[in-house]
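Asker: What follows is work.csv, made up of CSV, C-alpha atoms and all ligand atoms:
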```csv
chain,number,residue,atom,x,y,z
A,1,MET,CA,32.6,-28.1,-3.1
A,2,PRO,CA,32.4,-27.7,0.7
A,3,ILE,CA,35.4,-26.7,2.7
A,4,LEU,CA,34.1,-28.2,5.9
A,5,VAL,CA,31.6,-31.1,6.6
A,6,SER,CA,30.5,-32.7,9.8
A,7,ASN,CA,28.5,-35.9,10.1
A,8,GLN,CA,26.7,-36.8,13.4
A,9,LEU,CA,29.3,-34.8,15.3
A,10,LYS,CA,29.0,-35.4,19.1
A,11,LYS,CA,30.7,-33.8,22.1
A,12,ASP,CA,30.4,-34.9,25.7
A,13,PHE,CA,32.1,-33.1,28.6
A,14,GLN,CA,32.9,-35.2,31.7
A,15,VAL,CA,32.9,-33.2,34.9
A,16,GLY,CA,33.6,-35.4,37.9
A,17,GLU,CA,31.1,-38.3,37.8
A,18,SER,CA,28.6,-36.7,35.4
A,19,VAL,CA,28.7,-36.5,31.6
A,20,THR,CA,27.1,-33.5,29.8
A,21,LYS,CA,26.1,-34.1,26.2
A,22,VAL,CA,26.8,-30.7,24.6
A,23,LEU,CA,26.7,-31.6,20.8
A,24,LYS,CA,24.2,-34.3,20.1
A,25,GLY,CA,24.8,-35.1,16.4
A,26,VAL,CA,25.6,-32.1,14.2
A,27,ASP,CA,25.5,-32.4,10.4
A,28,LEU,CA,26.7,-29.3,8.7
A,29,SER,CA,28.4,-28.3,5.5
A,30,ILE,CA,30.1,-25.0,4.8
A,31,ASN,CA,31.0,-23.9,1.3
A,32,GLU,CA,34.2,-22.2,0.4
A,33,GLY,CA,33.9,-18.4,0.5
A,34,GLU,CA,30.6,-18.4,2.5
A,35,PHE,CA,29.9,-16.0,5.3
A,36,VAL,CA,28.0,-18.3,7.8
A,37,VAL,CA,26.4,-17.2,11.1
A,38,ILE,CA,25.8,-19.9,13.7
A,39,LEU,CA,23.0,-18.5,15.8
A,40,GLY,CA,21.5,-19.9,19.0
A,41,PRO,CA,20.8,-19.2,22.7
A,42,SER,CA,23.5,-19.2,25.3
A,43,GLY,CA,24.5,-22.8,26.2
A,44,SER,CA,23.3,-24.3,22.9
A,45,GLY,CA,26.8,-25.5,22.0
A,46,LYS,CA,27.9,-22.8,19.5
A,47,SER,CA,31.4,-22.1,21.0
A,48,THR,CA,32.0,-25.8,21.5
A,49,MET,CA,31.3,-26.4,17.8
A,50,LEU,CA,33.5,-23.5,16.7
A,51,ASN,CA,36.4,-24.7,19.0
A,52,ILE,CA,36.1,-28.2,17.4
A,53,ILE,CA,36.2,-26.7,13.9
A,54,GLY,CA,39.2,-24.7,15.0
A,55,GLY,CA,41.1,-27.8,16.3
A,56,ILE,CA,41.2,-26.6,20.0
A,57,GLU,CA,38.6,-29.0,21.3
A,58,THR,CA,38.5,-32.8,20.6
A,59,ILE,CA,35.5,-34.8,19.2
A,60,THR,CA,33.7,-37.5,21.1
A,61,SER,CA,32.2,-39.2,18.1
A,62,GLY,CA,31.2,-38.6,14.5
A,63,GLU,CA,33.2,-37.1,11.6
A,64,LEU,CA,34.6,-33.7,10.7
A,65,PHE,CA,36.3,-33.1,7.4
A,66,TYR,CA,38.3,-30.1,6.3
A,67,ARG,CA,38.4,-30.7,2.6
A,68,ASP,CA,39.7,-34.3,2.5
A,69,GLU,CA,41.5,-34.1,5.9
A,70,LYS,CA,39.8,-36.2,8.7
A,71,ILE,CA,39.9,-33.9,11.7
A,72,HIS,CA,38.2,-36.5,13.8
A,73,GLU,CA,41.2,-38.9,13.4
A,74,MET,CA,43.8,-36.3,14.2
A,75,LYS,CA,46.1,-36.5,17.3
A,76,ALA,CA,47.1,-33.4,19.2
A,77,ALA,CA,50.2,-32.6,17.1
A,78,ASP,CA,48.2,-32.9,13.8
A,79,LEU,CA,45.5,-30.6,15.2
A,80,ILE,CA,48.1,-28.0,16.1
A,81,GLU,CA,49.4,-28.2,12.5
A,82,TYR,CA,45.9,-28.0,11.0
A,83,ARG,CA,45.1,-25.0,13.2
A,84,ARG,CA,48.4,-23.2,12.3
A,85,LYS,CA,47.9,-23.8,8.6
A,86,HIS,CA,44.3,-23.1,8.0
A,87,ILE,CA,42.6,-21.3,10.9
A,88,GLY,CA,42.3,-17.7,12.1
A,89,PHE,CA,40.4,-17.1,15.4
A,90,VAL,CA,38.7,-14.0,16.7
A,91,PHE,CA,37.3,-14.0,20.3
A,92,GLN,CA,34.9,-11.8,22.2
A,93,PHE,CA,37.5,-10.4,24.5
A,94,TYR,CA,40.3,-10.0,21.9
A,95,ASN,CA,42.9,-12.1,23.7
A,96,LEU,CA,45.8,-9.8,22.8
A,97,LEU,CA,49.2,-10.0,24.6
A,98,PRO,CA,49.2,-7.0,26.9
A,99,ASN,CA,53.0,-6.4,26.8
A,100,LEU,CA,53.2,-6.3,23.1
A,101,SER,CA,52.2,-3.3,20.8
A,102,ALA,CA,49.5,-3.7,18.1
A,103,LEU,CA,52.2,-4.3,15.5
A,104,GLU,CA,54.0,-6.8,17.7
A,105,ASN,CA,50.8,-8.7,18.4
A,106,VAL,CA,50.1,-9.1,14.7
A,107,THR,CA,53.8,-9.9,13.8
A,108,VAL,CA,54.0,-12.7,16.4
A,109,ALA,CA,51.1,-14.5,14.7
A,110,ALA,CA,52.5,-13.8,11.2
A,111,GLU,CA,55.8,-15.4,12.2
A,112,LEU,CA,54.0,-18.7,13.0
A,113,SER,CA,52.4,-18.8,9.5
A,114,GLU,CA,53.8,-20.3,6.3
A,115,HIS,CA,52.5,-17.7,3.9
A,116,PRO,CA,51.8,-14.6,6.1
A,117,LEU,CA,50.5,-11.3,4.8
A,118,ASP,CA,52.4,-8.2,5.8
A,119,ALA,CA,51.6,-7.2,9.4
A,120,ARG,CA,51.8,-3.4,8.8
A,121,GLU,CA,49.6,-3.7,5.7
A,122,MET,CA,47.1,-5.7,7.6
A,123,LEU,CA,46.9,-3.0,10.4
A,124,VAL,CA,46.4,-0.4,7.7
A,125,ARG,CA,43.6,-2.6,6.2
A,126,VAL,CA,41.7,-2.6,9.5
A,127,GLY,CA,42.1,1.2,9.9
A,128,LEU,CA,44.9,1.3,12.5
A,129,GLU,CA,47.7,2.9,10.6
A,130,ASP,CA,48.3,5.5,13.3
A,131,ARG,CA,47.9,3.0,16.2
A,132,MET,CA,50.6,0.4,15.4
A,133,ASP,CA,52.8,1.3,18.4
A,134,HIS,CA,50.0,1.4,20.9
A,135,TYR,CA,49.6,-1.2,23.6
A,136,PRO,CA,46.2,-2.9,24.1
A,137,SER,CA,45.6,-1.1,27.4
A,138,GLY,CA,45.8,2.2,25.6
A,139,MET,CA,43.2,1.2,22.9
A,140,SER,CA,39.4,1.2,22.9
A,141,GLY,CA,37.6,-2.2,22.7
A,142,GLY,CA,36.9,-1.6,19.0
A,143,GLN,CA,40.5,-0.9,18.3
A,144,GLN,CA,41.6,-4.0,20.2
A,145,GLN,CA,39.2,-6.1,18.2
A,146,ARG,CA,40.6,-4.7,15.0
A,147,VAL,CA,44.1,-5.7,16.1
A,148,ALA,CA,42.8,-9.2,16.9
A,149,ILE,CA,41.2,-9.4,13.4
A,150,ALA,CA,44.4,-8.2,11.8
A,151,ARG,CA,46.3,-10.8,13.8
A,152,ALA,CA,43.9,-13.6,12.6
A,153,LEU,CA,43.9,-12.4,9.0
A,154,CYS,CA,47.6,-11.9,8.6
A,155,LYS,CA,48.0,-15.7,8.7
A,156,ASN,CA,46.0,-15.6,5.5
A,157,PRO,CA,43.7,-18.3,6.9
A,158,ASP,CA,41.4,-20.5,4.9
A,159,LEU,CA,38.7,-20.4,7.7
A,160,LEU,CA,38.2,-17.3,9.9
A,161,LEU,CA,36.3,-18.3,13.0
A,162,CYS,CA,34.7,-15.6,15.1
A,163,ASP,CA,33.1,-16.2,18.5
A,164,GLU,CA,30.8,-13.3,19.5
A,165,PRO,CA,33.3,-10.8,18.0
A,166,THR,CA,31.0,-7.8,18.8
A,167,GLY,CA,29.8,-9.2,22.1
A,168,ALA,CA,31.8,-6.7,24.2
A,169,LEU,CA,31.4,-3.7,21.8
A,170,ASP,CA,28.7,-0.9,21.6
A,171,ILE,CA,26.3,-1.0,18.7
A,172,ARG,CA,28.2,1.4,16.4
A,173,THR,CA,31.6,-0.1,17.1
A,174,GLY,CA,30.2,-3.5,16.6
A,175,GLU,CA,28.8,-2.4,13.2
A,176,GLU,CA,32.2,-1.2,12.2
A,177,VAL,CA,33.8,-4.5,13.1
A,178,LEU,CA,31.1,-6.4,11.2
A,179,THR,CA,31.6,-4.2,8.1
A,180,LEU,CA,35.3,-4.9,8.2
A,181,LEU,CA,34.7,-8.7,8.4
A,182,SER,CA,32.0,-8.8,5.7
A,183,GLU,CA,34.0,-6.5,3.3
A,184,TYR,CA,37.0,-8.8,3.8
A,185,ASN,CA,34.8,-11.8,3.0
A,186,ARG,CA,33.5,-10.2,-0.2
A,187,GLU,CA,36.9,-9.0,-1.3
A,188,HIS,CA,39.1,-12.0,-0.5
A,189,HIS,CA,36.5,-14.9,-0.4
A,190,THR,CA,37.9,-16.0,2.9
A,191,THR,CA,35.3,-18.3,4.5
A,192,ILE,CA,33.9,-16.9,7.7
A,193,ILE,CA,32.0,-18.7,10.4
A,194,MET,CA,30.7,-16.4,13.1
A,195,VAL,CA,29.0,-17.5,16.3
A,196,THR,CA,26.5,-15.2,18.0
A,197,HIS,CA,23.4,-15.1,20.1
A,198,ASN,CA,22.4,-11.8,18.5
A,199,VAL,CA,19.6,-12.5,16.0
A,200,LEU,CA,20.1,-9.2,14.2
A,201,ILE,CA,23.6,-10.2,13.0
A,202,ALA,CA,22.0,-13.1,11.0
A,203,GLN,CA,20.8,-10.5,8.5
A,204,ILE,CA,24.3,-10.0,7.1
A,205,ALA,CA,25.2,-13.7,6.6
A,206,ASP,CA,24.9,-15.7,3.4
A,207,ARG,CA,23.5,-18.5,5.4
A,208,VAL,CA,22.3,-18.9,9.0
A,209,ILE,CA,22.6,-22.1,10.9
A,210,ARG,CA,20.4,-22.1,14.0
A,211,PHE,CA,21.6,-24.2,17.0
A,212,ARG,CA,19.2,-25.4,19.7
A,213,ASP,CA,20.3,-27.7,22.6
A,214,GLY,CA,23.3,-29.2,20.8
A,215,VAL,CA,21.7,-29.9,17.4
A,216,ILE,CA,21.0,-27.8,14.2
A,217,ASP,CA,17.4,-26.7,14.4
A,218,ARG,CA,17.1,-24.9,11.1
A,219,VAL,CA,19.3,-23.6,8.2
A,220,GLU,CA,18.3,-20.4,6.3
A,221,VAL,CA,19.8,-18.9,3.1
A,222,ASN,CA,19.8,-15.1,2.8
A,223,GLU,CA,19.2,-14.4,-0.9
A,224,LYS,CA,20.2,-10.8,-0.3
A,225,PRO,CA,22.4,-10.5,2.7
A,226,MET,CA,22.4,-6.9,4.2
A,227,ARG,CA,25.4,-4.8,4.7
A,228,PRO,CA,26.0,-4.1,8.4
A,229,ASP,CA,25.2,-0.4,7.8
A,230,GLU,CA,21.7,-1.3,6.4
A,231,VAL,CA,20.7,-3.3,9.5
A,232,GLU,CA,18.4,-1.6,12.1
A,233,TRP,CA,20.4,-2.4,15.3
A,301,LIG,P1,27.3,-21.4,23.7
A,301,LIG,O1,28.5,-20.9,23.1
A,301,LIG,O2,26.2,-21.7,22.7
A,301,LIG,O3,26.8,-20.5,24.7
A,301,LIG,P2,28.9,-23.5,24.8
A,301,LIG,O4,29.4,-24.3,23.7
A,301,LIG,O5,29.9,-22.5,25.4
A,301,LIG,O6,27.6,-22.8,24.4
A,301,LIG,O7,28.5,-24.4,26.0
A,301,LIG,C1,27.4,-25.4,25.8
A,301,LIG,C2,27.3,-26.2,27.1
A,301,LIG,O8,28.5,-27.0,27.3
A,301,LIG,C3,27.1,-25.4,28.4
A,301,LIG,O9,26.2,-26.0,29.2
A,301,LIG,C4,28.5,-25.4,29.0
A,301,LIG,O10,28.4,-25.3,30.4
A,301,LIG,C5,29.1,-26.7,28.6
A,301,LIG,N1,30.5,-26.7,28.5
A,301,LIG,C6,31.3,-26.0,27.6
A,301,LIG,N2,32.6,-26.2,27.8
A,301,LIG,C7,32.7,-27.0,28.8
A,301,LIG,C8,33.8,-27.7,29.5
A,301,LIG,N3,35.1,-27.4,29.1
A,301,LIG,N4,33.6,-28.5,30.4
A,301,LIG,C9,32.3,-28.8,30.8
A,301,LIG,N5,31.2,-28.3,30.2
A,301,LIG,C10,31.4,-27.4,29.2
A,302,MG,MG,29.7,-19.2,23.4
```
Please rewrite the model in this file as structure tokens.
Ligand code: ADP
Ligand code: MG
Answerer:
Amino acid sequence: MPILVSNQLKKDFQVGESVTKVLKGVDLSINEGEFVVILGPSGSGKSTMLNIIGGIETITSGELFYRDEKIHEMKAADLIEYRRKHIGFVFQFYNLLPNLSALENVTVAAELSEHPLDAREMLVRVGLEDRMDHYPSGMSGGQQQRVAIARALCKNPDLLLCDEPTGALDIRTGEEVLTLLSEYNREHHTTIIMVTHNVLIAQIADRVIRFRDGVIDRVEVNEKPMRPDEVEW
């Protein structure tokens, strides 16, 4: 049974007098526990799609279901509640609070959740047991992204949404972050939707959804997804 389904989902942005059609009728279905990569060139609408799935962008027309909840009919307050309950978000540039330590960044997110996981345990899980009291400015990009992943995961989300999570990292550090995410998916069956323009990352996904110019161009199933350390980056 799918956890997420969209039917003819469309999104227009109005800038001044002109309207840009960004999503032009997206039909997708994501299964529970899947590790899905949404692949496509810059400007093809990937981030817009992910933001709509995460309840931080509204829908112009069409339908989006999370299980039997109609996201397309939700008002702002319902979207906030949906996001708080079900969604974890990881961004390219981490978006940590600079004046809080790693542990405090994770704890703040955990406190907003109904059934949070332990913040310290989550930081141990991402390999930061000796960095809990460090501030973002004193951490490498890879460490900051690990904090951001711990922050997203400690909400115990049903859907983990990652927008170019390795886009600001070097190849080796990026591989480590992808290993962390794919191992978490295998161990906990948390559904992951990852957006990227990096075609190599598609090799680690269960399924690859290719976007082109605001529509789905092609969907591919990987019978044997690679581990990140098996990919020739
Ligand atoms: P991708 O993540 O695939 O690079 P985006 O979803 O970020 O693509 O953007 C797709 C298109 O939508 C781009 O042309 C972008 O300029 C436009 N767009 C995105 N967000 C907005 C916005 N808030 N207002 C106006 N146009 C936007
Ligand atoms: Mg983007």
Asker: Can you tell me, as a PyMOL selection string, what residues are no more than 7 Å from stretch 125-134 of chain A when counting all atoms listed in the file, ignoring any on the same chain fewer than 6 positions away?
Answerer: chain A and resi 101-103+146+150+180
Asker: Which residues form the shell of 12 Å around ligand MG 302 (chain A) when you count only C-alpha atoms and all ligand atoms, given as a PDB file with C-alpha atoms, keeping the file's coordinate frame?
Answerer:
```pdb
ATOM      1  CA  VAL A  22      26.800 -30.700  24.600  1.00  0.00           C
ATOM      2  CA  ILE A  38      25.800 -19.900  13.700  1.00  0.00           C
ATOM      3  CA  LEU A  39      23.000 -18.500  15.800  1.00  0.00           C
ATOM      4  CA  GLY A  40      21.500 -19.900  19.000  1.00  0.00           C
ATOM      5  CA  PRO A  41      20.800 -19.200  22.700  1.00  0.00           C
ATOM      6  CA  SER A  42      23.500 -19.200  25.300  1.00  0.00           C
ATOM      7  CA  GLY A  43      24.500 -22.800  26.200  1.00  0.00           C
ATOM      8  CA  SER A  44      23.300 -24.300  22.900  1.00  0.00           C
ATOM      9  CA  GLY A  45      26.800 -25.500  22.000  1.00  0.00           C
ATOM     10  CA  LYS A  46      27.900 -22.800  19.500  1.00  0.00           C
ATOM     11  CA  SER A  47      31.400 -22.100  21.000  1.00  0.00           C
ATOM     12  CA  THR A  48      32.000 -25.800  21.500  1.00  0.00           C
ATOM     13  CA  MET A  49      31.300 -26.400  17.800  1.00  0.00           C
ATOM     14  CA  LEU A  50      33.500 -23.500  16.700  1.00  0.00           C
ATOM     15  CA  ASN A  51      36.400 -24.700  19.000  1.00  0.00           C
ATOM     16  CA  PHE A  91      37.300 -14.000  20.300  1.00  0.00           C
ATOM     17  CA  GLN A  92      34.900 -11.800  22.200  1.00  0.00           C
ATOM     18  CA  PHE A  93      37.500 -10.400  24.500  1.00  0.00           C
ATOM     19  CA  CYS A 162      34.700 -15.600  15.100  1.00  0.00           C
ATOM     20  CA  ASP A 163      33.100 -16.200  18.500  1.00  0.00           C
ATOM     21  CA  GLU A 164      30.800 -13.300  19.500  1.00  0.00           C
ATOM     22  CA  PRO A 165      33.300 -10.800  18.000  1.00  0.00           C
ATOM     23  CA  GLY A 167      29.800  -9.200  22.100  1.00  0.00           C
ATOM     24  CA  MET A 194      30.700 -16.400  13.100  1.00  0.00           C
ATOM     25  CA  VAL A 195      29.000 -17.500  16.300  1.00  0.00           C
ATOM     26  CA  THR A 196      26.500 -15.200  18.000  1.00  0.00           C
ATOM     27  CA  HIS A 197      23.400 -15.100  20.100  1.00  0.00           C
ATOM     28  CA  ASN A 198      22.400 -11.800  18.500  1.00  0.00           C
ATOM     29  CA  PHE A 211      21.600 -24.200  17.000  1.00  0.00           C
TER      30      PHE A 211
END
```
Asker: For A:Gln145, work out the shell of residues within 10 Å, counting all atoms listed in the file and skipping chain neighbours fewer than 4 positions away, then give it as a list of chain:residue names.
Answerer: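 My list of contacting residues is A:Val90, A:Phe91, A:Gln92, A:Phe93, A:Tyr94, A:Asn95, A:Leu96, A:Val126, A:Pro136, A:Met139, A:Ser140, A:Gly141, A:Ile149, A:Ala150, A:Arg151, A:Pro165, A:Thr166, A:Ala168, A:Leu169, A:Thr173, A:Gly174, A:Val177.
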Asker: Between atom CA of A:Asp158 and atom CA of A:Thr58, what is the distance, to one decimal in Å?
Answerer: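 Atom CA of A:Asp158 sits 20.2 Å away from atom CA of A:Thr58.
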Asker: Could you give me, as JSON, numbers by chain, the residues within 8 Å of stretch 25-27 of chain A, counting all atoms listed in the file and dropping anything in the same chain fewer than 5 positions from it?
Answerer: {"A": [5, 6, 7, 8, 9, 10, 62, 214, 215, 216]}
Asker: Using all atoms listed in the file, which residue out of A:Leu153, A:Leu117, A:Leu4, A:Val15 lies closest to A:Tyr66?
Answerer: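 Closest candidate: A:Leu4.
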Asker: If you measure from atom CA of A:Leu97 to atom N3 of ligand LIG 301 (chain A), what distance in Å do you get, rounded to one decimal?
Answerer: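 Computing the Euclidean distance for atom CA of A:Leu97 and atom N3 of ligand LIG 301 (chain A) yields 22.8 Å.
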Asker: What's the 7 Å shell around stretch 83-86 of chain A, counting all atoms listed in the file, without same-chain residues fewer than 2 positions away, as number ranges by chain?
Answerer: A: 54-55, 79-81, 113, 157-159
Asker: Between atom CA of A:Asn31 and atom CA of A:Met122, what is the distance, to one decimal in Å?
Answerer: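 Here the two named atoms are 25.1 Å from each other.
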Asker: Smallest atom-to-atom distance to ligand LIG 301 (chain A): which of A:His115, A:Arg212, A:Arg67, A:His72, using only C-alpha atoms and all ligand atoms?
Answerer: A:Arg212
Asker: Go through A:Arg218, A:Glu63, A:Arg210, A:Leu200 one by one, measure the shortest atom-to-atom distance of each to ligand LIG 301 (chain A) using all atoms listed in the file, and give the residue with the smallest value.
Answerer: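 For ligand LIG 301 (chain A), the nearest of the candidates is A:Arg210.
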Asker: In terms of the shortest atom-to-atom distance over only C-alpha atoms and all ligand atoms, which of A:Glu114, A:Val37, A:Phe89, A:Asp213 is closest to ligand LIG 301 (chain A)?
Answerer: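 Result for the nearest residue to ligand LIG 301 (chain A): A:Asp213.
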Asker: Counting all atoms listed in the file, which of A:Leu100, A:Ile193, A:Leu28, A:Ile204 gets nearest to A:Pro225?
Answerer: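 Smallest separation from A:Pro225 among the options: A:Ile204.
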Asker: Set the distance at 6 Å and use only C-alpha atoms: which residues neighbour A:Glu32 once local chain neighbours fewer than 5 positions away are removed? I'd like the list as a ChimeraX atom specification.
Answerer: /A:2-3,191
Asker: Using all atoms listed in the file for the distances, tell me which of A:Asp229, A:Asp206, A:Glu223, A:Glu57 is nearest to A:Glu34.
Answerer: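 Using all atoms listed in the file, the shortest distance to A:Glu34 belongs to A:Asp206.
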